[in-house]
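Visitor: To be precise about what I am sending: the file is called my_file_37.tsv and holds TSV, N, CA and C atoms.
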```tsv
chain	number	residue	atom	x	y	z
V	1	MET	N	-14.99	-2.65	0.71
V	1	MET	CA	-13.98	-2.27	-0.27
V	1	MET	C	-12.60	-2.50	0.34
V	2	LYS	N	-11.71	-3.05	-0.45
V	2	LYS	CA	-10.33	-3.22	-0.01
V	2	LYS	C	-9.63	-1.86	-0.06
V	3	ASN	N	-8.74	-1.65	0.89
V	3	ASN	CA	-8.01	-0.39	0.98
V	3	ASN	C	-6.52	-0.67	0.87
V	4	ALA	N	-5.77	0.35	0.49
V	4	ALA	CA	-4.31	0.25	0.43
V	4	ALA	C	-3.71	1.45	1.13
V	5	ILE	N	-2.63	1.19	1.83
V	5	ILE	CA	-1.86	2.24	2.48
V	5	ILE	C	-0.48	2.24	1.84
V	6	ILE	N	-0.08	3.37	1.32
V	6	ILE	CA	1.24	3.51	0.73
V	6	ILE	C	2.13	4.14	1.80
V	7	LEU	N	3.04	3.34	2.33
V	7	LEU	CA	3.87	3.70	3.47
V	7	LEU	C	5.30	3.93	2.99
V	8	THR	N	5.72	5.20	2.97
V	8	THR	CA	7.01	5.54	2.36
V	8	THR	C	7.76	6.60	3.16
V	9	HIS	N	9.02	6.73	2.83
V	9	HIS	CA	9.81	7.87	3.28
V	9	HIS	C	9.55	9.01	2.31
V	10	GLY	N	9.36	10.18	2.80
V	10	GLY	CA	9.08	11.30	1.91
V	10	GLY	C	7.66	11.25	1.40
V	11	LEU	N	7.40	12.04	0.38
V	11	LEU	CA	6.04	12.22	-0.12
V	11	LEU	C	5.72	11.33	-1.33
V	12	ILE	N	6.39	10.20	-1.44
V	12	ILE	CA	6.19	9.30	-2.57
V	12	ILE	C	4.74	8.81	-2.63
V	13	GLY	N	4.18	8.44	-1.49
V	13	GLY	CA	2.81	7.94	-1.46
V	13	GLY	C	1.81	8.94	-1.98
V	14	GLU	N	1.93	10.19	-1.53
V	14	GLU	CA	1.03	11.24	-1.98
V	14	GLU	C	1.14	11.44	-3.49
V	15	ALA	N	2.38	11.39	-4.00
V	15	ALA	CA	2.59	11.57	-5.43
V	15	ALA	C	1.98	10.41	-6.23
V	16	LEU	N	2.10	9.20	-5.74
V	16	LEU	CA	1.51	8.05	-6.42
V	16	LEU	C	-0.02	8.16	-6.44
V	17	ILE	N	-0.60	8.58	-5.34
V	17	ILE	CA	-2.06	8.73	-5.28
V	17	ILE	C	-2.52	9.80	-6.26
V	18	GLU	N	-1.81	10.89	-6.35
V	18	GLU	CA	-2.18	11.95	-7.31
V	18	GLU	C	-2.04	11.45	-8.74
V	19	ALA	N	-1.02	10.64	-9.02
V	19	ALA	CA	-0.85	10.07	-10.36
V	19	ALA	C	-2.00	9.13	-10.69
V	20	VAL	N	-2.38	8.29	-9.73
V	20	VAL	CA	-3.51	7.39	-9.93
V	20	VAL	C	-4.79	8.19	-10.20
V	21	TYR	N	-4.98	9.23	-9.45
V	21	TYR	CA	-6.16	10.08	-9.64
V	21	TYR	C	-6.15	10.71	-11.03
V	22	GLY	N	-4.98	11.14	-11.47
V	22	GLY	CA	-4.87	11.73	-12.81
V	22	GLY	C	-5.15	10.74	-13.92
V	23	ILE	N	-4.83	9.48	-13.70
V	23	ILE	CA	-5.03	8.44	-14.72
V	23	ILE	C	-6.43	7.85	-14.66
V	24	LEU	N	-6.89	7.50	-13.45
V	24	LEU	CA	-8.17	6.79	-13.29
V	24	LEU	C	-9.32	7.67	-12.84
V	25	GLY	N	-8.99	8.83	-12.28
V	25	GLY	CA	-10.03	9.72	-11.77
V	25	GLY	C	-10.61	9.29	-10.44
V	26	ILE	N	-9.97	8.33	-9.77
V	26	ILE	CA	-10.42	7.88	-8.45
V	26	ILE	C	-9.23	7.73	-7.52
V	27	LYS	N	-9.49	7.90	-6.24
V	27	LYS	CA	-8.46	7.64	-5.24
V	27	LYS	C	-9.07	7.13	-3.94
V	28	ASP	N	-10.36	6.82	-3.97
V	28	ASP	CA	-11.00	6.26	-2.79
V	28	ASP	C	-10.32	4.96	-2.39
V	29	GLY	N	-10.10	4.81	-1.11
V	29	GLY	CA	-9.49	3.59	-0.62
V	29	GLY	C	-7.98	3.58	-0.63
V	30	LEU	N	-7.37	4.69	-1.02
V	30	LEU	CA	-5.91	4.82	-1.01
V	30	LEU	C	-5.52	5.80	0.08
V	31	TRP	N	-4.53	5.42	0.85
V	31	TRP	CA	-4.04	6.27	1.93
V	31	TRP	C	-2.53	6.35	1.83
V	32	ALA	N	-1.98	7.51	2.07
V	32	ALA	CA	-0.53	7.69	2.07
V	32	ALA	C	-0.09	8.01	3.49
V	33	LEU	N	0.99	7.38	3.88
V	33	LEU	CA	1.59	7.69	5.18
V	33	LEU	C	3.08	7.89	4.96
V	34	SER	N	3.52	9.13	5.13
V	34	SER	CA	4.93	9.47	4.99
V	34	SER	C	5.58	9.43	6.36
V	35	VAL	N	6.70	8.76	6.47
V	35	VAL	CA	7.34	8.56	7.77
V	35	VAL	C	8.51	9.51	8.02
V	36	THR	N	8.58	10.56	7.28
V	36	THR	CA	9.67	11.52	7.44
V	36	THR	C	9.68	12.07	8.86
V	37	GLU	N	10.82	11.98	9.50
V	37	GLU	CA	11.03	12.50	10.86
V	37	GLU	C	10.03	11.94	11.87
V	38	MET	N	9.74	10.64	11.77
V	38	MET	CA	8.85	9.97	12.71
V	38	MET	C	9.60	8.81	13.37
V	39	SER	N	9.34	8.59	14.63
V	39	SER	CA	9.90	7.44	15.31
V	39	SER	C	9.12	6.19	14.90
V	40	VAL	N	9.69	5.02	15.20
V	40	VAL	CA	9.00	3.77	14.90
V	40	VAL	C	7.67	3.71	15.64
V	41	ALA	N	7.65	4.19	16.88
V	41	ALA	CA	6.40	4.20	17.65
V	41	ALA	C	5.35	5.09	16.98
V	42	GLU	N	5.77	6.24	16.48
V	42	GLU	CA	4.84	7.14	15.79
V	42	GLU	C	4.32	6.52	14.49
V	43	ILE	N	5.21	5.89	13.75
V	43	ILE	CA	4.80	5.22	12.51
V	43	ILE	C	3.75	4.16	12.83
V	44	SER	N	4.05	3.34	13.81
V	44	SER	CA	3.14	2.28	14.20
V	44	SER	C	1.78	2.82	14.64
V	45	GLU	N	1.80	3.85	15.44
V	45	GLU	CA	0.55	4.47	15.92
V	45	GLU	C	-0.29	5.00	14.76
V	46	ARG	N	0.34	5.72	13.85
V	46	ARG	CA	-0.39	6.30	12.71
V	46	ARG	C	-0.90	5.20	11.77
V	47	LEU	N	-0.07	4.18	11.54
V	47	LEU	CA	-0.48	3.08	10.67
V	47	LEU	C	-1.65	2.32	11.29
V	48	LEU	N	-1.57	2.03	12.56
V	48	LEU	CA	-2.67	1.33	13.24
V	48	LEU	C	-3.96	2.15	13.22
V	49	SER	N	-3.85	3.46	13.31
V	49	SER	CA	-5.07	4.28	13.29
V	49	SER	C	-5.79	4.17	11.95
V	50	ILE	N	-5.02	4.02	10.86
V	50	ILE	CA	-5.65	3.83	9.54
V	50	ILE	C	-6.20	2.41	9.43
V	51	VAL	N	-5.40	1.42	9.79
V	51	VAL	CA	-5.83	0.03	9.67
V	51	VAL	C	-7.06	-0.24	10.52
V	52	ASN	N	-7.13	0.35	11.70
V	52	ASN	CA	-8.24	0.09	12.62
V	52	ASN	C	-9.48	0.92	12.38
V	53	ALA	N	-9.45	1.82	11.42
V	53	ALA	CA	-10.66	2.57	11.11
V	53	ALA	C	-11.72	1.58	10.67
V	54	PRO	N	-12.93	1.72	11.15
V	54	PRO	CA	-13.96	0.69	10.89
V	54	PRO	C	-14.17	0.33	9.43
V	55	ASP	N	-14.08	1.29	8.54
V	55	ASP	CA	-14.32	1.00	7.13
V	55	ASP	C	-13.08	0.53	6.38
V	56	LYS	N	-11.92	0.51	7.01
V	56	LYS	CA	-10.68	0.16	6.32
V	56	LYS	C	-10.42	-1.33	6.28
V	57	LYS	N	-10.59	-2.01	7.42
V	57	LYS	CA	-10.17	-3.40	7.45
V	57	LYS	C	-11.27	-4.40	7.15
V	58	GLU	N	-12.45	-3.92	6.83
V	58	GLU	CA	-13.58	-4.82	6.57
V	58	GLU	C	-13.26	-5.85	5.49
V	59	ASP	N	-12.82	-5.40	4.33
V	59	ASP	CA	-12.50	-6.30	3.23
V	59	ASP	C	-11.01	-6.56	3.10
V	60	GLY	N	-10.21	-5.93	3.91
V	60	GLY	CA	-8.78	-6.14	3.89
V	60	GLY	C	-8.01	-4.89	3.49
V	61	VAL	N	-6.74	-4.91	3.87
V	61	VAL	CA	-5.84	-3.80	3.62
V	61	VAL	C	-4.53	-4.36	3.08
V	62	ILE	N	-4.01	-3.72	2.06
V	62	ILE	CA	-2.67	-4.03	1.58
V	62	ILE	C	-1.80	-2.81	1.88
V	63	ILE	N	-0.74	-3.05	2.61
V	63	ILE	CA	0.23	-1.99	2.89
V	63	ILE	C	1.35	-2.14	1.88
V	64	MET	N	1.56	-1.09	1.09
V	64	MET	CA	2.62	-1.07	0.09
V	64	MET	C	3.76	-0.22	0.65
V	65	ALA	N	4.82	-0.89	1.08
V	65	ALA	CA	5.96	-0.21	1.69
V	65	ALA	C	7.01	0.09	0.64
V	66	SER	N	7.78	1.13	0.91
V	66	SER	CA	8.76	1.56	-0.09
V	66	SER	C	9.94	0.61	-0.22
V	67	LEU	N	10.39	0.02	0.85
V	67	LEU	CA	11.65	-0.72	0.81
V	67	LEU	C	11.63	-1.85	1.82
V	68	LYS	N	11.85	-3.06	1.37
V	68	LYS	CA	11.92	-4.20	2.29
V	68	LYS	C	13.12	-4.03	3.22
V	69	GLY	N	12.88	-4.21	4.50
V	69	GLY	CA	13.94	-4.12	5.49
V	69	GLY	C	14.06	-2.76	6.16
V	70	GLY	N	13.43	-1.74	5.59
V	70	GLY	CA	13.47	-0.41	6.19
V	70	GLY	C	12.42	-0.27	7.29
V	71	SER	N	12.39	0.90	7.89
V	71	SER	CA	11.45	1.12	8.99
V	71	SER	C	10.00	0.98	8.54
V	72	CYS	N	9.69	1.42	7.32
V	72	CYS	CA	8.32	1.27	6.80
V	72	CYS	C	7.93	-0.21	6.76
V	73	TRP	N	8.80	-1.01	6.18
V	73	TRP	CA	8.57	-2.45	6.07
V	73	TRP	C	8.44	-3.09	7.44
V	74	ASN	N	9.37	-2.80	8.32
V	74	ASN	CA	9.38	-3.43	9.64
V	74	ASN	C	8.12	-3.13	10.43
V	75	VAL	N	7.68	-1.90	10.42
V	75	VAL	CA	6.45	-1.53	11.13
V	75	VAL	C	5.25	-2.17	10.45
V	76	ALA	N	5.20	-2.14	9.14
V	76	ALA	CA	4.07	-2.73	8.40
V	76	ALA	C	3.94	-4.22	8.70
V	77	VAL	N	5.05	-4.94	8.71
V	77	VAL	CA	5.02	-6.37	9.01
V	77	VAL	C	4.55	-6.61	10.44
V	78	ALA	N	5.03	-5.80	11.38
V	78	ALA	CA	4.59	-5.95	12.77
V	78	ALA	C	3.08	-5.74	12.90
V	79	VAL	N	2.55	-4.78	12.18
V	79	VAL	CA	1.11	-4.53	12.20
V	79	VAL	C	0.37	-5.68	11.53
V	80	ALA	N	0.85	-6.12	10.37
V	80	ALA	CA	0.17	-7.19	9.63
V	80	ALA	C	0.12	-8.50	10.41
V	81	MET	N	1.11	-8.74	11.24
V	81	MET	CA	1.13	-9.96	12.04
V	81	MET	C	-0.03	-10.01	13.03
V	82	GLN	N	-0.66	-8.87	13.30
V	82	GLN	CA	-1.78	-8.80	14.23
V	82	GLN	C	-3.12	-9.05	13.55
V	83	TYR	N	-3.16	-9.04	12.21
V	83	TYR	CA	-4.42	-9.12	11.47
V	83	TYR	C	-4.30	-10.11	10.32
V	84	SER	N	-5.30	-10.93	10.15
V	84	SER	CA	-5.27	-11.88	9.04
V	84	SER	C	-5.63	-11.22	7.71
V	85	ASN	N	-6.26	-10.06	7.76
V	85	ASN	CA	-6.69	-9.39	6.53
V	85	ASN	C	-5.85	-8.16	6.20
V	86	VAL	N	-4.60	-8.15	6.65
V	86	VAL	CA	-3.66	-7.09	6.30
V	86	VAL	C	-2.43	-7.75	5.69
V	87	LYS	N	-2.11	-7.36	4.46
V	87	LYS	CA	-0.97	-7.91	3.73
V	87	LYS	C	0.04	-6.79	3.49
V	88	VAL	N	1.30	-7.17	3.31
V	88	VAL	CA	2.37	-6.19	3.09
V	88	VAL	C	3.17	-6.59	1.86
V	89	VAL	N	3.45	-5.61	1.01
V	89	VAL	CA	4.35	-5.80	-0.13
V	89	VAL	C	5.36	-4.66	-0.13
V	90	SER	N	6.50	-4.90	-0.74
V	90	SER	CA	7.52	-3.83	-0.79
V	90	SER	C	7.79	-3.43	-2.24
V	91	GLY	N	8.49	-2.32	-2.38
V	91	GLY	CA	8.88	-1.84	-3.69
V	91	GLY	C	7.75	-1.14	-4.43
V	92	VAL	N	6.93	-0.44	-3.71
V	92	VAL	CA	5.75	0.18	-4.30
V	92	VAL	C	6.11	1.02	-5.52
V	93	ASN	N	5.30	0.87	-6.58
V	93	ASN	CA	5.46	1.67	-7.78
V	93	ASN	C	4.09	1.93	-8.40
V	94	LEU	N	4.04	2.79	-9.39
V	94	LEU	CA	2.76	3.18	-9.99
V	94	LEU	C	2.01	2.00	-10.60
V	95	PRO	N	2.65	1.08	-11.33
V	95	PRO	CA	1.90	-0.06	-11.85
V	95	PRO	C	1.24	-0.89	-10.74
V	96	MET	N	1.88	-1.02	-9.59
V	96	MET	CA	1.28	-1.76	-8.47
V	96	MET	C	0.01	-1.07	-7.98
V	97	VAL	N	0.08	0.23	-7.81
V	97	VAL	CA	-1.07	0.96	-7.28
V	97	VAL	C	-2.22	0.96	-8.29
V	98	LEU	N	-1.91	1.12	-9.56
V	98	LEU	CA	-2.94	1.04	-10.59
V	98	LEU	C	-3.57	-0.35	-10.63
V	99	SER	N	-2.77	-1.38	-10.51
V	99	SER	CA	-3.27	-2.74	-10.47
V	99	SER	C	-4.22	-2.94	-9.30
V	100	PHE	N	-3.82	-2.44	-8.14
V	100	PHE	CA	-4.68	-2.54	-6.96
V	100	PHE	C	-6.03	-1.88	-7.23
V	101	MET	N	-6.00	-0.68	-7.75
V	101	MET	CA	-7.23	0.08	-7.95
V	101	MET	C	-8.16	-0.57	-8.97
V	102	THR	N	-7.61	-1.20	-9.98
V	102	THR	CA	-8.45	-1.77	-11.04
V	102	THR	C	-8.87	-3.21	-10.78
V	103	LYS	N	-8.22	-3.88	-9.84
V	103	LYS	CA	-8.53	-5.30	-9.61
V	103	LYS	C	-9.09	-5.60	-8.23
V	104	ARG	N	-9.17	-4.62	-7.36
V	104	ARG	CA	-9.54	-4.89	-5.96
V	104	ARG	C	-10.97	-5.36	-5.76
V	105	GLU	N	-11.88	-4.96	-6.63
V	105	GLU	CA	-13.28	-5.33	-6.43
V	105	GLU	C	-13.59	-6.77	-6.81
V	106	ASN	N	-12.84	-7.33	-7.75
V	106	ASN	CA	-13.15	-8.67	-8.26
V	106	ASN	C	-12.15	-9.74	-7.85
V	107	THR	N	-11.30	-9.45	-6.88
V	107	THR	CA	-10.23	-10.36	-6.52
V	107	THR	C	-10.12	-10.45	-5.00
V	108	ASN	N	-9.91	-11.65	-4.47
V	108	ASN	CA	-9.73	-11.76	-3.03
V	108	ASN	C	-8.37	-11.21	-2.63
V	109	LEU	N	-8.20	-10.94	-1.36
V	109	LEU	CA	-7.02	-10.23	-0.86
V	109	LEU	C	-5.72	-10.97	-1.17
V	110	GLU	N	-5.71	-12.27	-0.99
V	110	GLU	CA	-4.48	-13.04	-1.23
V	110	GLU	C	-4.07	-13.00	-2.70
V	111	VAL	N	-5.01	-13.24	-3.58
V	111	VAL	CA	-4.72	-13.21	-5.02
V	111	VAL	C	-4.35	-11.80	-5.46
V	112	LEU	N	-5.07	-10.81	-4.94
V	112	LEU	CA	-4.78	-9.41	-5.27
V	112	LEU	C	-3.35	-9.04	-4.90
V	113	THR	N	-2.91	-9.49	-3.74
V	113	THR	CA	-1.54	-9.21	-3.31
V	113	THR	C	-0.54	-9.76	-4.32
V	114	ASP	N	-0.75	-10.99	-4.75
V	114	ASP	CA	0.14	-11.60	-5.75
V	114	ASP	C	0.08	-10.86	-7.09
V	115	LEU	N	-1.13	-10.46	-7.50
V	115	LEU	CA	-1.28	-9.76	-8.78
V	115	LEU	C	-0.57	-8.42	-8.79
V	116	ILE	N	-0.68	-7.66	-7.71
V	116	ILE	CA	-0.04	-6.34	-7.74
V	116	ILE	C	1.48	-6.47	-7.76
V	117	ILE	N	2.01	-7.52	-7.14
V	117	ILE	CA	3.46	-7.74	-7.21
V	117	ILE	C	3.85	-8.06	-8.65
V	118	LYS	N	3.12	-8.97	-9.28
V	118	LYS	CA	3.42	-9.33	-10.67
V	118	LYS	C	3.31	-8.11	-11.59
V	119	ASP	N	2.26	-7.32	-11.40
V	119	ASP	CA	2.09	-6.14	-12.25
V	119	ASP	C	3.17	-5.09	-11.99
V	120	GLY	N	3.62	-4.99	-10.75
V	120	GLY	CA	4.71	-4.07	-10.43
V	120	GLY	C	6.00	-4.45	-11.13
V	121	VAL	N	6.28	-5.75	-11.15
V	121	VAL	CA	7.49	-6.25	-11.83
V	121	VAL	C	7.32	-6.12	-13.34
V	122	ARG	N	6.12	-6.41	-13.85
V	122	ARG	CA	5.86	-6.33	-15.29
V	122	ARG	C	6.08	-4.90	-15.80
V	123	GLY	N	5.91	-3.92	-14.91
V	123	GLY	CA	6.09	-2.52	-15.30
V	123	GLY	C	7.56	-2.13	-15.47
V	124	LEU	N	8.48	-2.99	-15.08
V	124	LEU	CA	9.90	-2.72	-15.22
V	124	LEU	C	10.39	-3.26	-16.55
V	125	CYS	N	11.08	-2.44	-17.30
V	125	CYS	CA	11.64	-2.90	-18.56
V	125	CYS	C	12.80	-2.01	-18.97
V	126	LYS	N	13.52	-2.50	-19.93
V	126	LYS	CA	14.66	-1.76	-20.47
V	126	LYS	C	14.39	-1.51	-21.94
V	127	PHE	N	14.52	-0.28	-22.37
V	127	PHE	CA	14.38	0.06	-23.78
V	127	PHE	C	15.72	-0.15	-24.47
V	128	GLU	N	15.68	-0.85	-25.58
V	128	GLU	CA	16.91	-1.07	-26.35
V	128	GLU	C	16.69	-0.69	-27.78
```
Would you mind writing the file's structure down as structure tokens?
Guide:
Amino acid sequence: MKNAIILTHGLIGEALIEAVYGILGIKDGLWALSVTEMSVAEISERLLSIVNAPDKKEDGVIIMASLKGGSCWNVAVAVAMQYSNVKVVSGVNLPMVLSFMTKRENTNLEVLTDLIIKDGVRGLCKFE
């Protein structure tokens, strides 16, 4: 099973996982890592412990970081550079996480990464 790690400042990841659970009734394969008051070394250590868990990286991991260029992104990219089956996307939002959960079983990791980005952008709109 493909897994996703929601890597954010504050408790955004936990809130997204609870929202997904409320909508889909599942949260298996989703992990939240909040980096509040953590050094880069601590973030990296905690992220690697999730990625390296035997059942996590088997089919691949997508790390959804809150903001490109921030500490979450930088650590996630450094970790992903060590593994061919770890991908990183930024700008995590609820449509992205829902897309991951509903498409992960029937889609390879590379295509899944592209799909969740498209679905995340598709979720943005302006009411007029």
Visitor: Considering only C-alpha atoms, return as a ChimeraX atom specification whatever protein or nucleic-acid residues lie within 6 Å of V:Gly60, sequence-local ones (same chain, fewer than 5 positions apart) excluded.
Guide: /V:2,85-86
Visitor: What is the distance, in Å and to one decimal place, between atom CA of V:Ala53 and atom CA of V:Leu30?
Guide: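 Interatomic distance, atom CA of V:Ala53 to atom CA of V:Leu30: 13.2 Å.
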Visitor: Could you check the closest approach to V:Leu98 for each of V:Val77, V:Ile5, V:Met38, V:Val20 and tell me which residue wins, using all atoms listed in the file?
Guide: V:Val20
Visitor: Return the single residue from V:Cys125, V:Gly10, V:Ser71, V:Leu33 that is closest to V:Arg46, with distances computed using all atoms listed in the file.
Guide: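 That would be V:Leu33, the residue with the smallest distance to V:Arg46.
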Visitor: Check the DSSP output for the backbone and give back, as a PyMOL selection string, the residues of stretch 1-126 of chain V in alpha helix (DSSP H).
Guide: chain V and resi 12-24+40-51+71-80+94-103+109-122
Visitor: Could you please determine the separation between atom CA of V:Val111 and atom N of V:Ser34 in Å, to one decimal place?
Guide: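 Result for atom CA of V:Val111 versus atom N of V:Ser34: 25.9 Å, one decimal.
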Visitor: Quick one: distance from atom N of V:Gly69 to atom N of V:Arg104 in Å, one decimal?
Guide: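 Separating atom N of V:Gly69 from atom N of V:Arg104 is a distance of 25.0 Å.
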Visitor: Which polymer residues have any atom within 8 Å of an atom of V:Val75, counting all atoms listed in the file, with same-chain residues fewer than 5 positions away left out, as number ranges by chain?
Guide: V: 40, 43-44, 47, 69-70, 80-81
Visitor: Taking the backbone alone, and naming residues the way the document does, which bits of chain V are strand (DSSP E) by DSSP, as a ChimeraX atom specification?
Guide: /V:3-8,30-34,61-65,86-90
Visitor: Which residues, written as a list in words, have at least one atom at most 6 Å from V:Leu67, with only N, CA and C atoms counted and residues fewer than 2 positions away on the same chain left out?
Guide: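 In the requested form, the answer reads Ala65, Gly69, Gly70, Trp73, Ser90, Gly91 and Val92 of chain V.
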Visitor: When distances are computed from only C-alpha atoms, which of V:Ile116, V:Leu24, V:Ala41, V:Leu124 shows the smallest separation from V:Val97?
Guide: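 With only C-alpha atoms as the atom set, the closest residue is V:Ile116.
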Visitor: Looking at V:Asn93, V:Val121, V:Leu115, V:Glu110, which one is nearest to V:Leu16, with distances taken over only N, CA and C atoms?
Guide: V:Asn93
Visitor: List the spatial neighbours of V:Leu7 as JSON, numbers by chain - criterion: any atom at most 6.5 Å away, all atoms listed in the file, same-chain residues fewer than 4 positions off excluded.
Guide: {"V": [13, 31, 32, 33, 34, 35, 63, 64, 65, 66, 72]}
Visitor: Keeping N, CA and C atoms for every residue in the selection just given, could you write it to a file as a tab-separated table (two decimals), in the frame of the given file?
Guide:
```tsv
chain	number	residue	atom	x	y	z
V	13	GLY	N	4.18	8.44	-1.49
V	13	GLY	CA	2.81	7.94	-1.46
V	13	GLY	C	1.81	8.94	-1.98
V	31	TRP	N	-4.53	5.42	0.85
V	31	TRP	CA	-4.04	6.27	1.93
V	31	TRP	C	-2.53	6.35	1.83
V	32	ALA	N	-1.98	7.51	2.07
V	32	ALA	CA	-0.53	7.69	2.07
V	32	ALA	C	-0.09	8.01	3.49
V	33	LEU	N	0.99	7.38	3.88
V	33	LEU	CA	1.59	7.69	5.18
V	33	LEU	C	3.08	7.89	4.96
V	34	SER	N	3.52	9.13	5.13
V	34	SER	CA	4.93	9.47	4.99
V	34	SER	C	5.58	9.43	6.36
V	35	VAL	N	6.70	8.76	6.47
V	35	VAL	CA	7.34	8.56	7.77
V	35	VAL	C	8.51	9.51	8.02
V	63	ILE	N	-0.74	-3.05	2.61
V	63	ILE	CA	0.23	-1.99	2.89
V	63	ILE	C	1.35	-2.14	1.88
V	64	MET	N	1.56	-1.09	1.09
V	64	MET	CA	2.62	-1.07	0.09
V	64	MET	C	3.76	-0.22	0.65
V	65	ALA	N	4.82	-0.89	1.08
V	65	ALA	CA	5.96	-0.21	1.69
V	65	ALA	C	7.01	0.09	0.64
V	66	SER	N	7.78	1.13	0.91
V	66	SER	CA	8.76	1.56	-0.09
V	66	SER	C	9.94	0.61	-0.22
V	72	CYS	N	9.69	1.42	7.32
V	72	CYS	CA	8.32	1.27	6.80
V	72	CYS	C	7.93	-0.21	6.76
```
Visitor: As AutoDock Vina command-line options, please: the centre and edge lengths in Å, to one decimal, of an axis-aligned box enclosing every listed atom of stretch 4-11 of chain V with 6 Å added on each side.
Guide:
```
--center_x 2.0 --center_y 6.2 --center_z 1.1 --size_x 27.6 --size_y 24.0 --size_z 16.8
```
Visitor: Just checking: using all atoms listed in the file, which residue out of V:Ala15, V:Met1, V:Ile117, V:Val88 ends up closest to V:Glu105?
Guide: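 For V:Glu105, the nearest of the candidates is V:Met1.
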